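Data first, discussion second: the structure below is written as structure tokens.
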Amino acid sequence: MNNIIRVFLPIILLLGLLAACTQPRLHPMDMSAAVQDAKTSADHEALAVHYEQAAQDAETKIEEHKKLLERYKAKSYLYGRQASTLQAHCEALIRSYRQVVEANQEMANTHRQLSKEVQ
């Protein structure tokens with residue numbers, strides 16, 4: 001019984017971690033409606049600020065996962081066979097969040113440009 005718990009508990013915890021981190025949410029609100037309704041310079045400026053905040057949030061997640069990755073590398077002996085899986089997962093999340101940062105920065109720049117053109 002004790003061996004079963006020792007085997008399945010790390011697997012269950014790892015699956016929970018993977019399920020929680022599979023797809024980062026880019027935006028907490030309906031961006032389609034916000035973008036379609038943007039008509040004034042102030043609307044586009046507000047969208048630019050929103051996208052910049054989303055990029056900053058993703059940067060924060062990158063830093064969190066970099067710290068986790070360093071811990072998994074430095075103390076891999078604590079995680080046994082799952083150490084390489086945890087490291088790969090963090091690396092994948094870092095790449096994914098970098099894409100989120102780039103996409104949000106690009107959208108912020110686009111809306112800043114649109115806010116200048118609308119005036």
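Residue names in the structure tokens use chain letters A, B, ... in the order shown, residue numbers from 1 in each chain, and ligand numbers from 1 in the order shown.
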Could you list, with a cut-off of 12 Å and counting only C-alpha atoms, the residues of stretch 76-115 of chain A near stretch 59-66 of chain A, each shown with its nearest atom pair and the distance in Å rounded to one decimal, rows sorted by chain and ascending number, as a tab-separated table?
```
residue	atom	partner	partner_atom	distance
A:Leu86	CA	A:His65	CA	10.5
A:Gln87	CA	A:His65	CA	9.5
A:Ala88	CA	A:His65	CA	11.0
A:His89	CA	A:His65	CA	9.3
A:Cys90	CA	A:His65	CA	5.7
A:Glu91	CA	A:His65	CA	7.8
A:Ala92	CA	A:His65	CA	9.7
A:Leu93	CA	A:His65	CA	7.3
A:Ile94	CA	A:Ile62	CA	5.3
A:Arg95	CA	A:Ile62	CA	8.4
A:Ser96	CA	A:Ile62	CA	9.0
A:Tyr97	CA	A:Ile62	CA	6.2
A:Arg98	CA	A:Ile62	CA	7.3
A:Gln99	CA	A:Glu59	CA	10.4
A:Val100	CA	A:Glu59	CA	8.9
A:Val101	CA	A:Glu59	CA	6.7
A:Glu102	CA	A:Glu59	CA	10.1
A:Asn104	CA	A:Glu59	CA	10.9
A:Gln105	CA	A:Glu59	CA	11.2
```
Need the shell around A:Thr40: protein/DNA/RNA residues with any atom at most 12 Å away, counting only C-alpha atoms. Skip same-chain ones fewer than 6 positions apart. Format as an MDAnalysis selection string? chainID A and resid 34 46:47 111:112 114:119
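Atom pair atom CA of A:Ala55 / atom CA of A:Gln113: separated by 17.5 Å.
The space between atom CA of A:Leu68 and atom CA of A:Val49 spans 28.9 Å.
Put simply, atom CA of A:Met107 is 15.4 Å away from atom CA of A:Ala42.
Using only C-alpha atoms, the nearest neighbour of A:Asn109 within the list A:Lys73, A:Arg81, A:His50, A:Lys67 is A:His50.
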